[in-house]
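Text of the file input_1.txt, holding compact mmCIF, C-alpha atoms:
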# COMPACT_ATOMS: atom_id res chain seq x y z
CA MET A 1 36.38 -20.46 23.54
CA ARG A 2 38.14 -23.63 22.37
CA LEU A 3 37.34 -24.66 18.81
CA PRO A 4 36.54 -28.32 18.08
CA ASP A 5 38.40 -30.16 15.32
CA SER A 6 35.16 -30.63 13.37
CA TYR A 7 31.51 -29.66 13.60
CA ARG A 8 28.07 -30.71 12.38
CA ALA A 9 26.72 -28.89 9.33
CA VAL A 10 23.75 -29.45 7.05
CA ARG A 11 24.51 -29.47 3.33
CA LEU A 12 22.12 -29.23 0.41
CA VAL A 13 23.15 -31.91 -2.06
CA GLY A 14 20.19 -32.02 -4.46
CA ARG A 15 16.46 -31.45 -4.87
CA GLU A 16 14.85 -32.02 -1.46
CA GLU A 17 18.03 -33.77 -0.36
CA LEU A 18 20.08 -32.78 2.68
CA GLU A 19 22.96 -34.50 4.42
CA LEU A 20 24.56 -33.96 7.81
CA ASP A 21 28.26 -33.37 7.23
CA HIS A 22 31.19 -33.15 9.66
CA PRO A 23 33.64 -30.68 8.10
CA THR A 24 36.97 -29.78 9.65
CA LEU A 25 36.96 -26.50 11.55
CA SER A 26 40.11 -24.58 10.71
CA LYS A 27 41.28 -21.50 12.58
CA PRO A 28 40.09 -18.24 11.00
CA GLY A 29 42.43 -16.63 8.51
CA PRO A 30 43.38 -12.94 8.38
CA GLY A 31 40.28 -10.76 8.66
CA GLU A 32 37.99 -13.76 9.25
CA LEU A 33 36.03 -15.02 12.23
CA ILE A 34 34.29 -18.18 13.37
CA LEU A 35 30.69 -17.86 14.53
CA ARG A 36 29.19 -20.39 16.91
CA VAL A 37 25.63 -20.59 15.61
CA ASP A 38 23.32 -20.45 18.62
CA VAL A 39 20.08 -19.97 16.67
CA ALA A 40 19.13 -20.35 13.01
CA THR A 41 15.69 -19.85 11.49
CA THR A 42 14.13 -21.25 8.34
CA CYS A 43 12.60 -19.05 5.67
CA GLY A 44 10.68 -19.24 2.41
CA THR A 45 13.85 -18.84 0.37
CA ASP A 46 15.35 -21.88 2.11
CA LEU A 47 12.25 -23.84 1.21
CA LYS A 48 12.36 -22.69 -2.41
CA VAL A 49 16.06 -23.57 -2.71
CA PHE A 50 15.47 -26.93 -0.99
CA LYS A 51 12.71 -27.81 -3.46
CA GLN A 52 14.63 -26.76 -6.58
CA GLY A 53 18.01 -28.06 -5.42
CA GLY A 54 19.95 -24.81 -5.68
CA HIS A 55 19.71 -21.15 -6.58
CA PRO A 56 21.17 -19.38 -9.64
CA ARG A 57 22.68 -16.59 -7.53
CA MET A 58 23.05 -17.77 -3.97
CA LEU A 59 24.39 -21.32 -4.09
CA GLN A 60 25.23 -24.30 -6.24
CA VAL A 61 24.99 -27.81 -4.79
CA PRO A 62 26.59 -29.37 -2.89
CA SER A 63 26.59 -26.41 -0.53
CA PRO A 64 26.34 -25.39 3.11
CA PHE A 65 22.73 -24.43 3.73
CA GLY A 66 20.70 -21.85 5.65
CA HIS A 67 21.21 -18.10 5.91
CA GLU A 68 19.33 -16.64 8.91
CA CYS A 69 21.26 -16.92 12.16
CA ALA A 70 22.62 -15.30 15.28
CA GLY A 71 25.34 -16.53 17.56
CA THR A 72 28.54 -15.96 19.49
CA ILE A 73 31.98 -15.20 18.07
CA ALA A 74 34.13 -18.24 18.80
CA ALA A 75 37.42 -17.02 17.31
CA VAL A 76 38.84 -14.14 15.28
CA GLY A 77 41.68 -14.09 12.81
CA ARG A 78 44.61 -11.74 12.54
CA ASP A 79 43.73 -8.14 11.60
CA VAL A 80 40.19 -8.35 13.04
CA ARG A 81 39.98 -5.20 15.15
CA ASN A 82 36.30 -4.56 15.84
CA TRP A 83 35.21 -7.96 17.13
CA GLN A 84 36.19 -10.16 20.05
CA PRO A 85 35.43 -13.77 21.00
CA GLY A 86 32.33 -13.99 23.19
CA GLU A 87 30.40 -11.19 21.47
CA ALA A 88 26.86 -11.93 20.28
CA VAL A 89 26.39 -11.00 16.62
CA VAL A 90 24.21 -11.38 13.57
CA VAL A 91 25.92 -12.14 10.27
CA VAL A 92 23.65 -11.34 7.34
CA ASN A 93 23.82 -13.40 4.19
CA SER A 94 25.34 -11.03 1.64
CA ALA A 95 28.18 -8.54 1.43
CA SER A 96 28.58 -5.88 -1.25
CA CYS A 97 31.87 -4.57 -2.59
CA GLY A 98 31.37 -1.05 -1.22
CA ASP A 99 33.01 0.62 -4.23
CA CYS A 100 30.81 0.19 -7.32
CA HIS A 101 28.22 2.51 -8.90
CA PHE A 102 25.39 0.96 -6.90
CA CYS A 103 27.20 0.82 -3.55
CA ALA A 104 28.18 4.48 -3.88
CA ARG A 105 24.48 5.35 -4.23
CA GLY A 106 23.28 3.32 -1.25
CA ARG A 107 21.87 0.53 -3.41
CA GLU A 108 24.17 -2.20 -2.20
CA ASN A 109 21.58 -4.88 -2.93
CA LEU A 110 22.23 -4.27 -6.65
CA CYS A 111 26.03 -4.58 -6.32
CA ARG A 112 27.39 -6.48 -9.32
CA ASP A 113 29.87 -8.25 -7.03
CA LEU A 114 27.46 -9.19 -4.24
CA HIS A 115 28.83 -12.15 -2.29
CA TYR A 116 26.51 -14.60 -0.54
CA LEU A 117 27.06 -16.62 2.62
CA ASN A 118 25.31 -19.90 3.39
CA GLY A 119 25.80 -22.33 6.23
CA ALA A 120 23.53 -21.16 9.06
CA PHE A 121 22.25 -24.69 9.64
CA ALA A 122 25.42 -25.73 11.41
CA GLU A 123 27.15 -25.63 14.78
CA TYR A 124 29.75 -23.19 13.45
CA LEU A 125 29.91 -20.79 10.53
CA PRO A 126 33.25 -19.62 9.09
CA VAL A 127 32.76 -15.95 8.17
CA PRO A 128 34.89 -14.53 5.30
CA ALA A 129 36.69 -11.21 5.71
CA ARG A 130 34.28 -9.19 3.55
CA PHE A 131 31.38 -10.33 5.74
CA VAL A 132 33.30 -9.51 8.91
CA THR A 133 33.78 -5.90 7.83
CA ARG A 134 30.51 -5.28 5.97
CA SER A 135 27.85 -7.73 7.19
CA THR A 136 28.42 -8.46 10.88
CA TYR A 137 26.29 -6.63 13.45
CA SER A 138 26.34 -6.61 17.24
CA VAL A 139 23.23 -7.99 18.93
CA PRO A 140 21.97 -5.31 21.34
CA LYS A 141 21.62 -6.30 24.98
CA GLY A 142 18.19 -7.66 25.77
CA LEU A 143 17.48 -8.88 22.24
CA ALA A 144 16.83 -12.64 22.21
CA LEU A 145 18.96 -14.44 19.65
CA GLU A 146 15.93 -16.12 18.05
CA HIS A 147 14.57 -12.63 17.42
CA ALA A 148 17.95 -11.35 16.23
CA SER A 149 18.04 -14.14 13.63
CA LEU A 150 15.05 -12.47 11.95
CA THR A 151 17.14 -9.40 11.12
CA GLU A 152 17.72 -10.44 7.51
CA PRO A 153 14.10 -11.07 6.44
CA LEU A 154 12.91 -7.95 8.27
CA ALA A 155 15.64 -5.93 6.55
CA CYS A 156 14.35 -7.20 3.19
CA VAL A 157 10.82 -6.09 4.11
CA LEU A 158 12.04 -2.64 5.14
CA HIS A 159 13.97 -2.30 1.90
CA GLY A 160 10.85 -3.00 -0.15
CA LEU A 161 8.60 -0.68 1.81
CA GLU A 162 11.07 2.21 1.89
CA ALA A 163 10.72 2.57 -1.88
CA CYS A 164 6.94 3.03 -1.66
CA ALA A 165 5.01 6.27 -1.20
CA LEU A 166 4.03 5.79 2.43
CA SER A 167 4.56 9.22 3.97
CA GLU A 168 0.98 9.23 5.28
CA PRO A 169 -1.45 6.44 6.27
CA ARG A 170 -2.41 4.33 3.27
CA ASP A 171 -4.87 1.58 2.41
CA VAL A 172 -2.83 -1.57 1.70
CA ILE A 173 -3.45 -5.18 0.73
CA VAL A 174 -0.84 -7.91 1.23
CA LEU A 175 -1.27 -11.11 -0.79
CA GLY A 176 0.28 -14.04 1.05
CA GLY A 177 0.40 -14.76 4.77
CA GLY A 178 3.73 -16.54 4.99
CA PRO A 179 6.56 -15.16 7.16
CA ILE A 180 7.32 -12.31 4.75
CA GLY A 181 3.67 -11.39 4.32
CA GLN A 182 3.25 -11.28 8.10
CA LEU A 183 6.36 -9.11 8.50
CA LEU A 184 5.11 -6.75 5.80
CA LEU A 185 1.80 -6.54 7.64
CA GLY A 186 3.47 -5.94 10.99
CA VAL A 187 5.71 -3.13 9.74
CA LEU A 188 2.86 -1.44 7.87
CA ARG A 189 0.60 -1.56 10.92
CA THR A 190 3.39 -0.23 13.14
CA ASP A 191 3.66 2.72 10.76
CA GLY A 192 -0.09 3.39 10.98
CA HIS A 193 -1.37 1.97 7.71
CA ARG A 194 -4.65 0.13 7.19
CA VAL A 195 -3.81 -3.40 6.01
CA VAL A 196 -5.87 -6.27 4.60
CA LEU A 197 -4.15 -9.66 4.23
CA ALA A 198 -5.20 -12.45 1.87
CA ASP A 199 -4.22 -16.08 2.39
CA PRO A 200 -6.00 -19.43 1.87
CA LEU A 201 -4.99 -20.86 5.27
CA PRO A 202 -7.19 -20.08 8.30
CA GLY A 203 -4.21 -20.34 10.67
CA ARG A 204 -2.28 -17.71 8.78
CA ARG A 205 -5.29 -15.44 8.63
CA GLU A 206 -5.63 -15.80 12.40
CA ILE A 207 -1.98 -14.80 12.90
CA ALA A 208 -2.52 -11.85 10.57
CA THR A 209 -5.42 -10.68 12.73
CA ARG A 210 -3.16 -10.87 15.78
CA MET A 211 -0.49 -8.94 13.84
CA GLY A 212 -2.99 -6.13 13.33
CA ALA A 213 -4.74 -6.73 10.00
CA VAL A 214 -8.01 -4.81 9.82
CA ALA A 215 -9.44 -7.67 7.77
CA THR A 216 -8.33 -10.99 6.30
CA VAL A 217 -9.72 -12.74 3.26
CA GLU A 218 -9.51 -16.15 1.63
CA PRO A 219 -8.65 -16.00 -2.10
CA SER A 220 -11.42 -17.32 -4.34
CA GLY A 221 -9.89 -18.27 -7.67
CA SER A 222 -10.54 -16.05 -10.67
CA LYS A 223 -12.79 -13.75 -8.60
CA ALA A 224 -10.06 -13.04 -6.04
CA GLY A 225 -9.38 -9.51 -7.23
CA ALA A 226 -13.04 -8.50 -7.05
CA VAL A 227 -13.41 -10.03 -3.57
CA PHE A 228 -10.36 -8.15 -2.34
CA LEU A 229 -11.61 -4.84 -3.73
CA ASP A 230 -14.72 -5.14 -1.56
CA LEU A 231 -12.42 -4.76 1.47
CA ALA A 232 -10.74 -1.56 0.28
CA GLU A 233 -11.77 1.74 1.79
CA ASP A 234 -12.49 2.99 -1.73
CA SER A 235 -14.16 0.84 -4.40
CA LEU A 236 -11.44 1.97 -6.83
CA GLY A 237 -8.86 -0.17 -5.02
CA PHE A 238 -5.94 -0.01 -2.62
CA ASP A 239 -3.26 2.68 -2.50
CA LEU A 240 -0.61 -0.04 -2.28
CA SER A 241 -0.98 -3.64 -3.39
CA ILE A 242 1.79 -6.08 -2.37
CA ASP A 243 2.41 -9.58 -3.65
CA ALA A 244 4.20 -11.82 -1.15
CA THR A 245 3.26 -15.11 -2.80
CA GLY A 246 5.95 -15.19 -5.47
CA THR A 247 3.52 -16.57 -8.04
CA VAL A 248 2.40 -15.31 -11.43
CA ASP A 249 -1.23 -15.39 -10.27
CA GLY A 250 -0.28 -13.36 -7.22
CA TRP A 251 1.48 -10.71 -9.28
CA GLU A 252 -1.48 -10.39 -11.65
CA VAL A 253 -4.06 -10.21 -8.86
CA ALA A 254 -1.94 -7.59 -7.08
CA ALA A 255 -1.99 -5.50 -10.25
CA ARG A 256 -5.78 -5.69 -10.37
CA CYS A 257 -6.21 -4.55 -6.76
CA VAL A 258 -4.52 -1.16 -7.00
CA ARG A 259 -6.41 2.12 -7.41
CA PRO A 260 -5.59 4.79 -10.02
CA GLY A 261 -2.40 6.57 -9.04
CA GLY A 262 -1.43 3.71 -6.72
CA GLU A 263 1.55 1.39 -6.44
CA VAL A 264 2.13 -2.33 -6.77
CA LEU A 265 5.06 -3.90 -4.93
CA PHE A 266 6.16 -7.21 -6.43
CA PHE A 267 7.94 -8.52 -3.34
CA GLY A 268 7.69 -12.27 -3.89
CA GLY A 269 10.09 -13.50 -6.57
CA CYS A 270 8.57 -15.73 -9.28
CA PRO A 271 10.43 -18.69 -10.81
CA ALA A 272 13.10 -17.75 -13.35
CA GLY A 273 11.81 -17.24 -16.88
CA THR A 274 8.16 -16.69 -15.96
CA ARG A 275 6.07 -13.89 -17.48
CA VAL A 276 3.04 -11.97 -16.24
CA SER A 277 0.20 -10.34 -18.15
CA LEU A 278 -0.53 -6.70 -17.24
CA ASP A 279 -3.18 -4.30 -18.48
CA THR A 280 -1.21 -1.68 -20.41
CA GLY A 281 -4.23 0.63 -20.51
CA ARG A 282 -4.42 0.73 -16.74
CA ILE A 283 -0.69 1.28 -16.41
CA HIS A 284 -0.82 4.22 -18.81
CA TYR A 285 -4.13 5.95 -18.09
CA ASP A 286 -4.27 5.23 -14.35
CA GLU A 287 -0.56 5.98 -13.81
CA ILE A 288 0.12 2.79 -11.89
CA VAL A 289 3.62 2.44 -10.43
CA PHE A 290 5.10 -1.07 -10.39
CA ARG A 291 8.10 -1.84 -8.18
CA GLY A 292 10.30 -4.87 -7.83
CA SER A 293 12.08 -5.53 -4.54
CA TYR A 294 15.20 -7.58 -3.97
CA HIS A 295 17.13 -8.32 -0.82
CA HIS A 296 18.34 -5.80 1.76
CA ARG A 297 20.87 -3.01 2.33
CA PRO A 298 23.12 -2.18 5.30
CA ALA A 299 20.79 0.71 6.21
CA THR A 300 17.76 -1.57 6.42
CA VAL A 301 19.70 -4.22 8.36
CA ALA A 302 20.53 -1.60 11.01
CA ARG A 303 16.91 -0.43 11.10
CA ALA A 304 15.66 -4.03 11.40
CA LEU A 305 17.90 -4.68 14.40
CA ASP A 306 16.61 -1.50 16.03
CA MET A 307 12.97 -2.48 15.45
CA LEU A 308 13.55 -5.95 16.89
CA THR A 309 15.34 -4.51 19.91
CA ARG A 310 12.46 -2.11 20.54
CA ARG A 311 10.01 -5.03 20.22
CA GLU A 312 7.91 -3.10 17.75
CA LEU A 313 6.69 -6.37 16.20
CA ASP A 314 5.36 -9.50 17.87
CA VAL A 315 7.73 -11.79 15.99
CA ASP A 316 7.07 -14.70 18.35
CA LEU A 317 3.88 -15.22 16.32
CA LEU A 318 6.09 -16.27 13.41
CA LEU A 319 8.29 -18.72 15.33
CA THR A 320 5.86 -21.60 15.34
CA ARG A 321 8.15 -24.56 16.02
CA GLU A 322 11.61 -25.45 17.40
CA LEU A 323 13.79 -28.39 16.30
CA PRO A 324 17.40 -29.57 16.67
CA LEU A 325 19.91 -29.42 13.82
CA SER A 326 19.45 -33.11 13.04
CA GLN A 327 15.81 -32.40 12.10
CA THR A 328 16.44 -29.56 9.67
CA GLU A 329 14.80 -31.51 6.86
CA GLU A 330 11.68 -31.98 8.97
CA ALA A 331 11.71 -28.23 9.64
CA LEU A 332 11.61 -27.54 5.90
CA ARG A 333 9.01 -30.21 5.23
CA SER A 334 6.77 -28.78 7.94
CA MET A 335 6.95 -25.48 6.05
CA MET A 336 6.17 -27.34 2.85
CA ARG A 337 3.10 -28.86 4.52
CA ARG A 338 2.32 -25.35 5.81
CA ASP A 339 2.32 -26.63 9.38
CA SER A 340 4.89 -23.98 10.32
CA LEU A 341 5.70 -20.40 9.44
CA LYS A 342 9.30 -20.28 10.67
CA VAL A 343 11.15 -23.00 12.55
CA VAL A 344 13.85 -22.22 15.10
CA ILE A 345 16.91 -24.49 14.80
CA ARG A 346 19.24 -24.67 17.81
CA PRO A 347 22.40 -26.42 16.57
CA GLY A 348 23.79 -26.87 20.07
CA SER A 349 20.80 -28.80 21.38

What is this file in structure tokens?
Amino acid sequence: MRLPDSYRAVRLVGREELELDHPTLSKPGPGELILRVDVATTCGTDLKVFKQGGHPRMLQVPSPFGHECAGTIAAVGRDVRNWQPGEAVVVVNSASCGDCHFCARGRENLCRDLHYLNGAFAEYLPVPARFVTRSTYSVPKGLALEHASLTEPLACVLHGLEACALSEPRDVIVLGGGPIGQLLLGVLRTDGHRVVLADPLPGRREIATRMGAVATVEPSGSKAGAVFLDLAEDSLGFDLSIDATGTVDGWEVAARCVRPGGEVLFFGGCPAGTRVSLDTGRIHYDEIVFRGSYHHRPATVARALDMLTRRELDVDLLLTRELPLSQTEEALRSMMRRDSLKVVIRPGS
């Protein structure tokens, strides 16, 4: 595959400000590879970073943008042994060191030297050596690349759920019907759990029903918690309550929906510096377990790819629009308007 001298790439340059750049495409260095991006997908994190003009961990503007993609290896550098040009792969957006306290214990998402990779919204993506060895995965035959691009968000969902006590069917509520909320719902239903999903948008509630929710509900302000409890199997609350809104209100409502002895999974990340108010009496006397969830691990990436290959989830329900690379901003604004869940970007079109 002959490499062009330059390529089109979307850069984030400020708050809600993108530009289409034409960087030079150099040959890969030792241990590196060049990925031709065939498919990229938008996500809620992209939207959050777009709106705030950066991210304290993942990128500082100006920066290549986008992090969910699948494509074809266009070139490999010296010392790359396991990959060849022409292979279809997924490159996930972070790579741990592999040697620290956390990596040694299988908690690579907490690695203190976690590197991030951005630049999925582009025709080509230069992949650093650490990502080649630790974060590149072969796309199994038969798996569509637009589905393979969902490996990273699904891996995050699996990471969060693996920490919860779900060895037997549970009664679960998911707050938020965005892409992550729908993936949480889909995985939980696949594993046999009873799931209620709450979201203010009728379209998202309809998708949740098609994803297998036993009931959906529209939040109703300060009475939301009480309304949700009416849908639990037991009036005491849900075994597992999950926030996928990433809002302070969402976290606090999630805490009010859980039954004694239950768990709350704070999946959606709130803005930096925010605080939530929790009932200490409930935490103590009802033995409520609260869990945070961040990112993914190599084990959950592998499991996500397997689930996608087996078509255990109807992920086409999440891919609600398709646009060319030149309309990446429109893709994000359609998410902002809540017209779309996830948008498929095909840089080559």

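Atom to atom, CA of His295 (chain A) and CA of Arg36 (chain A) stand 24.6 Å apart.
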
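Closest approach to Pro202 (chain A) from the set A:Val89, A:Arg338, A:Leu318, A:Val157 is made by A:Arg338, with distances taken over only C-alpha atoms.
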
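With distances restricted to all atoms listed in the file, A:Thr151 is the closest residue to His296 (chain A) from A:Ala215, A:Gly178, A:Thr151, A:Leu25.
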
Per residue of region 124-243 of chain A within 12 Å of region 5-22 of chain A, what are the shortest atom pair and its distance in Å to one decimal, counting all atoms listed in the file, with rows by chain and residue number, as a Markdown table?
| residue | atom | partner | partner_atom | distance |
| --- | --- | --- | --- | --- |
| A:Tyr124 | CA | A:Tyr7 | CA | 6.7 |
| A:Leu125 | CA | A:Ala9 | CA | 8.8 |
| A:Pro126 | CA | A:Tyr7 | CA | 11.1 |

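Counting all atoms listed in the file, the residue from A:Asp316, A:Glu68, A:Asp199, A:Asp38 that sits nearest to Glu123 (chain A) is A:Asp38.
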
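Distances from A:Glu329, A:Glu233, A:Glu312, A:Glu218 to Pro200 (chain A) were compared using all atoms listed in the file, and the smallest one belongs to A:Glu218.
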
**OP:** Grab the CA of Ser94 (chain A) to CA of Pro140 (chain A) distance for me, in Å with one decimal place.
**Re:** 20.8 Å

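Residue nearest Ala213 (chain A) within the list A:Val289, A:Leu59, A:Val248, A:Val174: A:Val174 [criterion: smallest interatomic distance, only C-alpha atoms].
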